[in-house]
file data-v9.txt (compact mmCIF, C-alpha atoms)
# COMPACT_ATOMS: atom_id res chain seq x y z
CA MET A 1 228.79 112.80 69.91
CA SER A 2 226.83 114.05 72.92
CA VAL A 3 223.88 116.41 72.80
CA GLU A 4 225.91 119.07 74.59
CA ALA A 5 228.54 118.96 71.86
CA TYR A 6 225.89 119.34 69.19
CA LEU A 7 224.32 122.26 71.01
CA ASN A 8 227.63 123.99 71.60
CA ALA A 9 228.48 123.69 67.93
CA SER A 10 225.05 124.85 66.80
CA LEU A 11 225.06 127.85 69.11
CA ASP A 12 228.57 128.92 68.15
CA PRO A 13 228.23 132.35 66.43
CA GLY A 14 230.93 131.44 63.97
CA ASN A 15 229.19 128.21 63.03
CA SER A 16 225.53 129.32 62.92
CA SER A 17 224.88 128.16 59.36
CA MET A 18 226.91 124.94 59.40
CA PHE A 19 226.10 121.50 60.69
CA PRO A 20 227.97 120.37 63.81
CA PRO A 21 230.34 117.51 63.19
CA GLY A 22 229.25 113.96 63.91
CA ASP A 23 226.94 111.27 62.63
CA TYR A 24 223.48 110.08 63.62
CA GLY A 25 222.66 109.55 67.29
CA LEU A 26 220.06 109.62 70.05
CA ALA A 27 218.99 112.94 71.53
CA PHE A 28 218.74 111.44 75.03
CA SER A 29 220.21 108.63 77.03
CA LEU A 30 218.97 105.11 76.32
CA ARG A 31 216.89 105.14 79.52
CA ILE A 32 215.07 108.36 78.56
CA THR A 33 214.56 107.06 75.03
CA ILE A 34 212.95 103.87 76.33
CA LEU A 35 210.73 105.97 78.63
CA TYR A 36 209.55 108.00 75.64
CA ILE A 37 208.74 104.83 73.72
CA LEU A 38 206.88 103.32 76.67
CA MET A 39 204.78 106.49 76.89
CA TYR A 40 203.97 106.75 73.19
CA VAL A 41 203.45 103.13 72.12
CA PRO A 42 200.36 102.41 74.31
CA LEU A 43 198.85 105.74 73.25
CA TRP A 44 199.57 104.92 69.60
CA VAL A 45 197.88 101.51 69.92
CA CYS A 46 194.79 103.04 71.56
CA ILE A 47 194.52 105.73 68.86
CA VAL A 48 194.84 103.31 65.96
CA VAL A 49 192.61 100.58 67.39
CA GLY A 50 189.96 102.95 68.75
CA ASN A 51 189.52 104.97 65.56
CA LEU A 52 189.75 101.89 63.35
CA MET A 53 186.89 100.38 65.37
CA VAL A 54 184.78 103.50 64.76
CA ILE A 55 185.42 103.32 61.00
CA LEU A 56 184.66 99.58 60.83
CA ALA A 57 181.50 100.08 62.90
CA PHE A 58 180.33 102.60 60.32
CA VAL A 59 181.03 100.06 57.57
CA TYR A 60 179.30 97.10 59.25
CA ASN A 61 176.32 98.83 60.91
CA LYS A 62 173.94 100.27 58.31
CA GLU A 63 172.13 102.27 61.01
CA LEU A 64 175.21 104.48 61.30
CA ARG A 65 175.25 105.47 57.62
CA ARG A 66 173.35 108.71 58.04
CA VAL A 67 174.36 112.29 57.56
CA GLN A 68 174.60 112.99 61.30
CA ASN A 69 177.57 110.61 61.55
CA TYR A 70 179.58 111.77 58.53
CA LEU A 71 181.59 114.25 60.59
CA LEU A 72 182.25 111.60 63.24
CA ILE A 73 183.65 109.19 60.66
CA SER A 74 185.77 111.92 59.09
CA LEU A 75 187.05 112.75 62.58
CA ALA A 76 187.92 109.09 63.14
CA VAL A 77 189.87 109.05 59.85
CA THR A 78 191.70 112.20 60.91
CA ASP A 79 192.63 110.76 64.30
CA LEU A 80 193.67 107.45 62.72
CA LEU A 81 196.04 109.30 60.38
CA THR A 82 197.32 111.24 63.38
CA GLY A 83 198.34 107.98 65.00
CA ILE A 84 199.82 106.49 61.82
CA PHE A 85 201.80 109.50 60.59
CA SER A 86 201.94 112.35 63.14
CA MET A 87 203.05 110.41 66.21
CA PRO A 88 205.94 108.49 64.60
CA ALA A 89 207.21 111.69 62.93
CA SER A 90 207.03 113.60 66.21
CA LEU A 91 208.77 110.80 68.09
CA LEU A 92 211.53 110.66 65.48
CA VAL A 93 212.14 114.40 65.82
CA ARG A 94 212.28 114.23 69.61
CA LEU A 95 214.50 111.17 69.97
CA THR A 96 217.06 111.37 67.14
CA ILE A 97 219.78 113.72 65.98
CA SER A 98 220.76 113.77 62.33
CA PRO A 99 221.21 116.28 59.48
CA LEU A 100 217.82 115.23 58.10
CA VAL A 101 215.98 115.84 61.36
CA CYS A 102 217.90 118.85 62.60
CA SER A 103 218.35 120.86 59.41
CA ALA A 104 216.16 123.96 59.19
CA SER A 105 215.35 123.13 55.57
CA THR A 106 214.00 119.63 56.30
CA ARG A 107 212.91 119.67 59.95
CA ILE A 108 209.63 121.42 59.17
CA ASN A 109 208.62 118.43 57.00
CA PHE A 110 208.37 116.23 60.07
CA PHE A 111 205.78 118.56 61.58
CA MET A 112 203.60 118.61 58.47
CA PRO A 113 201.50 115.57 59.52
CA SER A 114 200.76 117.16 62.89
CA LEU A 115 199.81 120.49 61.33
CA THR A 116 197.53 118.71 58.87
CA PHE A 117 195.83 116.02 60.93
CA CYS A 118 195.80 117.65 64.37
CA GLY A 119 194.49 120.87 62.84
CA SER A 120 191.86 118.89 60.97
CA SER A 121 190.82 117.19 64.22
CA ILE A 122 190.30 120.57 65.90
CA TYR A 123 188.09 121.83 63.06
CA HIS A 124 186.12 118.59 63.03
CA LEU A 125 185.37 119.00 66.74
CA LEU A 126 184.24 122.55 66.09
CA PHE A 127 181.96 121.58 63.21
CA ILE A 128 180.52 118.68 65.19
CA ALA A 129 179.52 121.16 67.89
CA ILE A 130 177.93 123.42 65.26
CA ASP A 131 176.10 120.46 63.71
CA ARG A 132 174.72 119.22 67.02
CA CYS A 133 173.65 122.68 68.12
CA SER A 134 171.85 123.17 64.79
CA SER A 135 170.02 119.86 65.12
CA LEU A 136 168.71 120.89 68.53
CA THR A 137 167.97 124.53 67.78
CA TYR A 138 166.28 123.94 64.39
CA PRO A 139 165.09 120.31 64.55
CA LEU A 140 162.51 120.64 61.75
CA LYS A 141 164.71 122.56 59.31
CA TYR A 142 167.84 120.49 60.02
CA PRO A 143 166.98 117.43 57.82
CA ARG A 144 166.24 119.72 54.86
CA LEU A 145 169.28 121.96 55.31
CA VAL A 146 171.91 119.36 56.22
CA THR A 147 171.76 116.90 53.36
CA SER A 148 174.26 114.16 52.55
CA ARG A 149 175.66 116.06 49.57
CA ARG A 150 176.13 119.28 51.54
CA MET A 151 177.83 117.47 54.39
CA VAL A 152 180.27 115.80 51.99
CA ARG A 153 181.08 119.21 50.52
CA VAL A 154 181.71 120.67 53.97
CA ILE A 155 184.01 117.80 54.93
CA SER A 156 185.90 118.07 51.62
CA LEU A 157 186.45 121.82 52.09
CA LEU A 158 187.56 121.13 55.65
CA TRP A 159 190.26 118.74 54.47
CA ILE A 160 191.37 121.02 51.63
CA TYR A 161 191.73 123.98 53.97
CA ASN A 162 193.79 122.04 56.53
CA VAL A 163 196.14 120.63 53.89
CA TRP A 164 196.59 124.11 52.41
CA PHE A 165 197.27 125.65 55.82
CA ALA A 166 199.80 122.95 56.70
CA LEU A 167 201.70 123.58 53.44
CA ILE A 168 202.20 127.31 54.13
CA PRO A 169 205.46 126.85 56.12
CA LEU A 170 207.03 125.05 53.16
CA TYR A 171 206.79 128.21 51.05
CA ILE A 172 208.39 130.49 53.66
CA PRO A 173 212.09 130.86 52.79
CA ASN A 174 214.83 130.55 55.39
CA PRO A 175 216.38 133.88 56.44
CA ALA A 176 219.33 134.72 54.21
CA GLY A 177 219.22 131.19 52.82
CA GLU A 178 220.77 129.78 55.99
CA ASP A 179 220.51 126.07 56.68
CA ARG A 180 220.72 126.15 60.44
CA TRP A 181 221.00 123.35 62.98
CA LEU A 182 217.82 123.43 65.07
CA CYS A 183 217.85 120.43 67.39
CA TYR A 184 216.94 121.84 70.81
CA ALA A 185 218.18 125.26 69.85
CA ASN A 186 215.74 128.12 69.33
CA GLU A 187 213.60 126.65 66.55
CA ASN A 188 211.57 129.80 66.03
CA TYR A 189 214.35 131.60 64.21
CA ASN A 190 212.06 132.62 61.37
CA ASN A 191 209.89 135.65 62.16
CA GLU A 192 207.39 134.70 59.47
CA LEU A 193 206.94 131.28 61.04
CA ASP A 194 206.46 133.00 64.38
CA VAL A 195 203.44 134.79 62.92
CA ILE A 196 201.86 131.46 61.94
CA TYR A 197 202.51 129.97 65.36
CA ILE A 198 201.03 133.00 67.12
CA LEU A 199 197.94 132.81 64.92
CA ILE A 200 197.47 129.17 65.90
CA ALA A 201 198.04 130.01 69.55
CA SER A 202 195.49 132.82 69.40
CA PHE A 203 192.78 130.87 67.60
CA LEU A 204 192.80 127.85 69.91
CA PRO A 205 191.30 129.75 72.90
CA ILE A 206 188.80 131.39 70.52
CA TYR A 207 187.70 127.97 69.25
CA PHE A 208 187.42 126.73 72.82
CA LEU A 209 185.27 129.73 73.78
CA PHE A 210 183.06 129.23 70.72
CA MET A 211 182.58 125.55 71.61
CA MET A 212 181.66 126.51 75.17
CA ILE A 213 179.00 128.90 73.83
CA LEU A 214 177.55 126.22 71.53
CA TYR A 215 177.42 123.60 74.27
CA ALA A 216 175.98 126.16 76.68
CA ILE A 217 173.11 126.63 74.21
CA MET A 218 172.64 122.86 74.05
CA LEU A 219 172.76 122.71 77.83
CA TYR A 220 170.02 125.32 78.04
CA ILE A 221 167.87 123.32 75.61
CA ALA A 222 168.49 120.15 77.64
CA PHE A 223 167.34 121.74 80.90
CA LYS A 224 164.39 123.26 79.10
CA HIS A 225 163.30 119.84 77.85
CA ILE A 226 163.73 118.30 81.29
CA ARG A 227 161.65 121.04 82.89
CA THR A 228 158.95 120.78 80.22
CA GLN A 229 158.69 117.02 80.49
CA ARG A 230 158.45 117.15 84.26
CA GLU A 231 155.58 119.62 83.99
CA MET A 232 153.77 117.43 81.44
CA SER A 233 154.41 114.15 83.22
CA ASN A 234 151.68 112.18 84.96
CA GLN A 235 151.46 109.03 86.98
CA ALA A 236 150.89 106.78 83.96
CA SER A 237 153.97 107.91 82.12
CA SER A 238 156.29 108.45 85.06
CA LEU A 239 158.63 105.62 84.02
CA GLN A 240 158.99 107.01 80.49
CA THR A 241 159.61 110.47 81.92
CA ARG A 242 162.36 109.17 84.18
CA ASN A 243 163.97 107.35 81.25
CA GLY A 244 163.87 110.51 79.14
CA THR A 245 165.28 112.60 81.95
CA ARG A 246 168.06 110.07 82.51
CA ALA A 247 168.91 110.12 78.80
CA ARG A 248 169.11 113.90 78.72
CA THR A 249 171.25 113.88 81.85
CA ARG A 250 173.70 111.59 80.08
CA GLY A 251 173.66 114.01 77.16
CA ILE A 252 174.57 116.85 79.51
CA VAL A 253 177.43 114.82 80.97
CA THR A 254 178.67 114.07 77.44
CA MET A 255 178.65 117.80 76.62
CA ALA A 256 180.75 118.55 79.70
CA ILE A 257 183.23 115.79 78.79
CA VAL A 258 183.55 117.10 75.22
CA VAL A 259 184.34 120.66 76.31
CA GLY A 260 186.63 119.53 79.13
CA ALA A 261 188.60 117.14 76.93
CA PHE A 262 189.10 119.80 74.24
CA GLY A 263 190.33 122.35 76.79
CA ILE A 264 192.69 119.94 78.57
CA CYS A 265 194.19 118.56 75.36
CA TRP A 266 194.52 121.70 73.22
CA LEU A 267 194.80 124.83 75.39
CA PRO A 268 198.32 123.83 76.59
CA THR A 269 199.37 123.84 72.91
CA SER A 270 198.36 127.49 72.74
CA PHE A 271 200.56 128.17 75.76
CA LYS A 272 203.44 126.29 74.09
CA PHE A 273 203.46 128.55 71.03
CA PHE A 274 203.54 131.71 73.15
CA TYR A 275 206.18 130.20 75.40
CA GLU A 276 208.47 129.24 72.51
CA THR A 277 208.12 132.64 70.86
CA TYR A 278 208.34 135.12 73.73
CA ALA A 279 209.59 133.41 76.91
CA PRO A 280 213.29 132.96 77.69
CA THR A 281 213.79 129.20 77.39
CA THR A 282 216.38 126.67 78.40
CA LYS A 283 217.03 123.34 76.75
CA GLU A 284 215.37 121.41 79.58
CA SER A 285 212.29 123.64 79.85
CA LEU A 286 211.76 123.67 76.07
CA ILE A 287 211.89 119.87 75.81
CA THR A 288 209.56 119.47 78.80
CA VAL A 289 206.93 121.88 77.50
CA GLN A 290 207.05 120.46 73.98
CA THR A 291 206.76 116.86 75.18
CA ILE A 292 203.83 117.48 77.53
CA THR A 293 201.80 119.58 75.10
CA GLU A 294 202.37 117.24 72.16
CA TYR A 295 201.42 114.21 74.25
CA LEU A 296 198.20 115.92 75.38
CA SER A 297 197.27 116.86 71.82
CA PHE A 298 197.79 113.27 70.69
CA THR A 299 195.73 112.07 73.64
CA ASN A 300 192.74 113.91 72.19
CA SER A 301 192.84 111.53 69.21
CA MET A 302 192.43 108.65 71.67
CA VAL A 303 189.63 110.35 73.63
CA ASN A 304 187.51 111.29 70.61
CA PRO A 305 186.44 107.70 69.76
CA LEU A 306 185.42 107.19 73.40
CA ILE A 307 183.35 110.37 73.57
CA TYR A 308 181.72 110.29 70.16
CA GLY A 309 181.67 106.54 69.61
CA TYR A 310 181.28 104.56 72.80
CA PHE A 311 178.66 106.90 74.30
CA ASN A 312 176.46 106.32 71.21
CA CYS A 313 174.50 103.07 71.39
CA GLN A 314 174.45 102.53 67.62
CA PHE A 315 178.24 102.79 67.54
CA ARG A 316 178.46 100.28 70.37
CA ILE A 317 176.28 97.93 68.32
CA GLY A 318 178.70 98.47 65.43
CA PHE A 319 181.67 97.72 67.72
CA LYS A 320 180.05 94.43 68.69
CA MET A 321 179.45 93.60 65.03
CA VAL A 322 183.16 94.18 64.37
CA LEU A 323 184.21 92.04 67.33
CA GLU A 324 181.80 89.26 66.41
CA ARG A 325 183.03 89.23 62.81
CA TRP A 326 186.65 89.09 63.87
CA SER A 327 186.09 86.54 66.66
CA CYS A 328 184.29 83.85 64.64
CA GLY A 329 180.76 84.85 65.57
CA ARG A 330 181.20 85.08 69.32
CA LYS A 331 178.41 87.13 70.92
CA TRP A 332 179.45 90.29 72.74
CA GLY A 333 176.14 91.31 74.33
CA ARG A 334 173.56 93.91 73.41
CA CYS A 335 172.63 97.49 74.12
CA ASN A 336 169.93 97.59 76.76
CA ARG A 337 166.50 98.81 75.84
CA ASP A 338 166.92 102.17 77.54
CA ASP A 339 170.01 102.92 75.48
CA GLU A 340 168.34 101.85 72.24
CA GLU A 341 165.70 104.49 72.79
CA ASN A 342 168.41 107.13 72.95
CA ALA A 343 169.94 106.45 69.51
CA TYR A 344 169.08 108.31 66.34
CA SER A 345 166.30 106.56 64.45
CA THR A 346 164.90 107.06 61.00
CA GLU A 347 161.56 107.98 62.53
CA VAL A 348 163.09 111.21 63.82
CA THR A 349 163.95 112.39 60.33
CA ASN A 350 160.65 111.19 58.89
CA LEU A 351 158.78 112.97 61.66
CA ALA A 352 160.64 116.21 60.95
CA LEU A 353 159.83 116.01 57.25
CA SER A 354 156.19 115.09 57.71
CA VAL A 355 155.26 117.73 60.26
CA SER A 356 157.17 120.66 58.78
CA ALA A 357 154.08 121.71 56.79
CA GLU A 358 151.68 121.30 59.68
CA SER A 359 151.71 124.73 61.24
CA THR A 360 149.18 123.88 63.94
CA ASN A 361 151.38 121.13 65.42
CA GLU A 362 154.74 122.63 64.52
CA ARG A 363 155.69 123.75 68.01
CA SER A 364 154.93 120.43 69.69
CA SER A 365 156.60 118.46 66.88
CA GLU A 366 159.69 120.62 67.14
CA ARG A 367 159.92 119.81 70.82
CA ARG A 368 159.68 116.08 70.08
CA VAL A 369 162.33 116.10 67.35
CA SER A 370 164.66 118.31 69.38
CA SER A 371 164.17 115.99 72.32
CA ALA A 372 165.10 112.98 70.21
CA ASN A 373 168.18 114.78 68.90
CA LEU A 374 169.19 115.65 72.45
CA ARG A 375 168.93 112.05 73.61
CA SER A 376 171.27 110.99 70.83
CA LEU A 377 174.18 113.18 72.01

call {"tool": "encode", "arguments": {"input": "data-v9.txt", "output": "structure tokens"}}
result
Amino acid sequence: MSVEAYLNASLDPGNSSMFPPGDYGLAFSLRITILYILMYVPLWVCIVVGNLMVILAFVYNKELRRVQNYLLISLAVTDLLTGIFSMPASLLVRLTISPLVCSASTRINFFMPSLTFCGSSIYHLLFIAIDRCSSLTYPLKYPRLVTSRRMVRVISLLWIYNVWFALIPLYIPNPAGEDRWLCYANENYNNELDVIYILIASFLPIYFLFMMILYAIMLYIAFKHIRTQREMSNQASSLQTRNGTRARTRGIVTMAIVVGAFGICWLPTSFKFFYETYAPTTKESLITVQTITEYLSFTNSMVNPLIYGYFNCQFRIGFKMVLERWSCGRKWGRCNRDDEENAYSTEVTNLALSVSAESTNERSSERRVSSANLRSL
């Protein structure tokens, strides 16, 4: 049966709580279905491979096993699960028509992985921004406040909250017990679900604004360090000064990429929720908006390993360890010396702990630790 026949039956006032006749089928023509698959499969491969490389790098490279990277690894796990569970479920909902997929009582189950893992990815990005801003603003107090045990607790609470929030729609009953047919009809038939969607749509711009404020603070600290080092530089240390300035410049570029990627990938999702709830929609416009916004949100799970992994030299060393182990010992090159100086080192933490009690040198030590933290971004 064609999509139009399904829609006509589902929109028939006398048949609003009954399934349209017919068996399983494709929601689009074979050509459109193949186009969907060609769009999603390369993205799925990049998400799975990229985040799996980050996790394996953490396992193989002992230098990465420090508290500053716990959130990054948890983010990689979240994005990996997004690729494994969320994308196939979303693609199944978009491309097929069946009582299991289109029933109001079961359709919400296919969106549970996206609500859980995509929501968890957003909160991880937010907490990473908070963590990095704290390490730059309070470089001496940071190693004492952010311990391994506390970070594990924060990550655990983060996962528990996202799973709990994703389960809320399951406990919202259907209006009047109706089991409606929702494929490409108005899916937001439940006013209580509308409230949840509007809350999500409202919080996304707030999170984006909060991230911009945090990275603006880090940007201010970066320029402050560059200005201070230029004033303190002399002829003998001009090369070291240029290297430090170059490292901080890369950190500033990374900050801009982080904020830009978050806005591009997630702000359209906020628009989608408002559009579905309040705007008059047609079948074509609804499918187009849903496809574009979902694809962009999944793209963020591919971009995260590039931003937070590849730009970090120690992660690149871990990537090479993974490739060498899985390619029979073949050498894949090294990080250059300039990049090695920009990675987190144990001396940074030791310096912060050793000078915290030295009040006379506290200000200068704080600048050095904050500078090292900045170069690691």

call {"tool": "residues_around", "arguments": {"input": "data-v9.txt", "residues": "Cys46 in chain A", "least_positions_apart": "2", "cutoff": "10 Å", "atoms": "all atoms listed in the file", "output": "list of chain:residue names"}}
result
A:Val41, A:Pro42, A:Leu43, A:Trp44, A:Val48, A:Val49, A:Gly50, A:Asn51, A:Leu52, A:Leu80, A:Gly83, A:Thr299, A:Ser301, A:Met302, A:Val303, A:Pro305

call {"tool": "atom_distance", "arguments": {"input": "data-v9.txt", "atom1": "CA of Asn312 in chain A", "atom2": "CA of Asp79 in chain A"}}
result
18.1 Å

call {"tool": "atom_distance", "arguments": {"input": "data-v9.txt", "atom1": "CA of Ile168 in chain A", "atom2": "CA of Val154 in chain A"}}
result
21.5 Å

call {"tool": "atom_distance", "arguments": {"input": "data-v9.txt", "atom1": "CA of Val195 in chain A", "atom2": "CA of Phe274 in chain A"}}
result
10.7 Å

call {"tool": "residues_around", "arguments": {"input": "data-v9.txt", "residues": "Met151 in chain A", "least_positions_apart": "6", "cutoff": "9 Å", "atoms": "only C-alpha atoms", "output": "PDB file with C-alpha atoms, in the coordinates of the input"}}
result
ATOM      1  CA  VAL A  67     174.360 112.290  57.560  1.00  0.00           C
ATOM      2  CA  GLN A  68     174.600 112.990  61.300  1.00  0.00           C
ATOM      3  CA  TYR A  70     179.580 111.770  58.530  1.00  0.00           C
ATOM      4  CA  LEU A  71     181.590 114.250  60.590  1.00  0.00           C
TER       5      LEU A  71
END

call {"tool": "residues_around", "arguments": {"input": "data-v9.txt", "residues": "Trp266 in chain A", "least_positions_apart": "3", "cutoff": "10 Å", "atoms": "only C-alpha atoms", "output": "number ranges by chain"}}
result
A: 118, 122, 201, 204-205, 208, 261-263, 269-271, 293-294, 296-300

call {"tool": "closest_residue", "arguments": {"input": "data-v9.txt", "among": "A:Ala27, A:Leu214, A:Ile37, A:Phe58", "to": "Arg316 in chain A", "atoms": "only C-alpha atoms"}}
result
A:Phe58

call {"tool": "axis_aligned_box", "arguments": {"input": "data-v9.txt", "around": "range 52-66 of chain A", "padding_each_side": "5 Å", "output": "lines of an AutoDock Vina configuration file"}}
result
center_x = 180.9
center_y = 102.9
center_z = 61.5
size_x = 27.6
size_y = 21.6
size_z = 17.8

call {"tool": "closest_residue", "arguments": {"input": "data-v9.txt", "among": "A:Ile226, A:Ile198, A:Val253, A:Ile97", "to": "Phe273 in chain A", "atoms": "all atoms listed in the file"}}
result
A:Ile198

call {"tool": "residues_around", "arguments": {"input": "data-v9.txt", "residues": "Leu26 in chain A", "least_positions_apart": "6", "cutoff": "8 Å", "atoms": "all atoms listed in the file", "output": "VMD selection string"}}
result
chain A and resid 33 95 to 97

call {"tool": "closest_residue", "arguments": {"input": "data-v9.txt", "among": "A:Tyr24, A:Asn69, A:Met112, A:Leu75", "to": "Val146 in chain A", "atoms": "all atoms listed in the file"}}
result
A:Asn69

call {"tool": "closest_residue", "arguments": {"input": "data-v9.txt", "among": "A:Ile292, A:Cys133, A:Leu158, A:Leu38", "to": "Ser74 in chain A", "atoms": "only C-alpha atoms"}}
result
A:Leu158

call {"tool": "closest_residue", "arguments": {"input": "data-v9.txt", "among": "A:Ile155, A:Ile287, A:Ile55, A:Leu306", "to": "Phe28 in chain A", "atoms": "all atoms listed in the file"}}
result
A:Ile287

call {"tool": "closest_residue", "arguments": {"input": "data-v9.txt", "among": "A:Phe223, A:Tyr60, A:Tyr278, A:Tyr207", "to": "Leu323 in chain A", "atoms": "all atoms listed in the file"}}
result
A:Tyr60

call {"tool": "build_atoms", "arguments": {"input": "data-v9.txt", "residues": "range 134-152 of chain A", "atoms": "N, CA, C and O atoms", "output": "mmCIF file, keeping the file's coordinate frame"}}
result
data_model
loop_
_atom_site.group_PDB
_atom_site.id
_atom_site.type_symbol
_atom_site.label_atom_id
_atom_site.label_comp_id
_atom_site.auth_asym_id
_atom_site.auth_seq_id
_atom_site.Cartn_x
_atom_site.Cartn_y
_atom_site.Cartn_z
ATOM 1 N N SER A 134 172.851 122.897 65.828
ATOM 2 C CA SER A 134 171.850 123.170 64.790
ATOM 3 C C SER A 134 170.716 122.160 64.843
ATOM 4 O O SER A 134 169.542 122.515 64.680
ATOM 5 N N SER A 135 171.051 120.895 65.085
ATOM 6 C CA SER A 135 170.020 119.860 65.120
ATOM 7 C C SER A 135 169.075 120.042 66.301
ATOM 8 O O SER A 135 167.918 119.634 66.237
ATOM 9 N N LEU A 136 169.555 120.652 67.368
ATOM 10 C CA LEU A 136 168.710 120.890 68.530
ATOM 11 C C LEU A 136 167.948 122.207 68.424
ATOM 12 O O LEU A 136 166.796 122.308 68.849
ATOM 13 N N THR A 137 168.593 123.215 67.860
ATOM 14 C CA THR A 137 167.970 124.530 67.780
ATOM 15 C C THR A 137 166.922 124.594 66.663
ATOM 16 O O THR A 137 165.876 125.221 66.815
ATOM 17 N N TYR A 138 167.220 123.933 65.525
ATOM 18 C CA TYR A 138 166.280 123.940 64.390
ATOM 19 C C TYR A 138 165.977 122.500 63.975
ATOM 20 O O TYR A 138 166.380 122.038 62.905
ATOM 21 N N PRO A 139 165.280 121.749 64.818
ATOM 22 C CA PRO A 139 165.090 120.310 64.550
ATOM 23 C C PRO A 139 164.271 120.012 63.305
ATOM 24 O O PRO A 139 164.473 118.975 62.685
ATOM 25 N N LEU A 140 163.335 120.891 62.930
ATOM 26 C CA LEU A 140 162.510 120.640 61.750
ATOM 27 C C LEU A 140 163.217 121.039 60.466
ATOM 28 O O LEU A 140 163.062 120.384 59.431
ATOM 29 N N LYS A 141 163.996 122.101 60.501
ATOM 30 C CA LYS A 141 164.710 122.560 59.310
ATOM 31 C C LYS A 141 165.992 121.764 59.074
ATOM 32 O O LYS A 141 166.479 121.708 57.943
ATOM 33 N N TYR A 142 166.540 121.162 60.122
ATOM 34 C CA TYR A 142 167.840 120.490 60.020
ATOM 35 C C TYR A 142 167.872 119.413 58.938
ATOM 36 O O TYR A 142 168.807 119.386 58.123
ATOM 37 N N PRO A 143 166.883 118.488 58.856
ATOM 38 C CA PRO A 143 166.980 117.430 57.820
ATOM 39 C C PRO A 143 166.935 117.991 56.403
ATOM 40 O O PRO A 143 167.484 117.366 55.488
ATOM 41 N N ARG A 144 166.297 119.137 56.203
ATOM 42 C CA ARG A 144 166.240 119.720 54.860
ATOM 43 C C ARG A 144 167.504 120.507 54.533
ATOM 44 O O ARG A 144 167.930 120.553 53.383
ATOM 45 N N LEU A 145 168.097 121.137 55.542
ATOM 46 C CA LEU A 145 169.280 121.960 55.310
ATOM 47 C C LEU A 145 170.558 121.123 55.246
ATOM 48 O O LEU A 145 171.422 121.357 54.398
ATOM 49 N N VAL A 146 170.692 120.160 56.136
ATOM 50 C CA VAL A 146 171.910 119.360 56.220
ATOM 51 C C VAL A 146 171.668 118.050 55.475
ATOM 52 O O VAL A 146 171.273 117.039 56.054
ATOM 53 N N THR A 147 171.908 118.078 54.195
ATOM 54 C CA THR A 147 171.760 116.900 53.360
ATOM 55 C C THR A 147 173.103 116.168 53.236
ATOM 56 O O THR A 147 174.158 116.700 53.604
ATOM 57 N N SER A 148 173.043 114.956 52.704
ATOM 58 C CA SER A 148 174.260 114.160 52.550
ATOM 59 C C SER A 148 175.257 114.857 51.623
ATOM 60 O O SER A 148 176.454 114.910 51.908
ATOM 61 N N ARG A 149 174.767 115.405 50.516
ATOM 62 C CA ARG A 149 175.660 116.060 49.570
ATOM 63 C C ARG A 149 176.318 117.293 50.179
ATOM 64 O O ARG A 149 177.526 117.531 49.987
ATOM 65 N N ARG A 150 175.562 118.081 50.916
ATOM 66 C CA ARG A 150 176.130 119.280 51.540
ATOM 67 C C ARG A 150 177.147 118.923 52.607
ATOM 68 O O ARG A 150 178.187 119.587 52.749
ATOM 69 N N MET A 151 176.877 117.869 53.358
ATOM 70 C CA MET A 151 177.830 117.470 54.390
ATOM 71 C C MET A 151 179.130 116.983 53.773
ATOM 72 O O MET A 151 180.224 117.287 54.291
ATOM 73 N N VAL A 152 179.049 116.252 52.676
ATOM 74 C CA VAL A 152 180.270 115.800 51.990
ATOM 75 C C VAL A 152 181.067 116.993 51.484
ATOM 76 O O VAL A 152 182.310 117.007 51.563
#
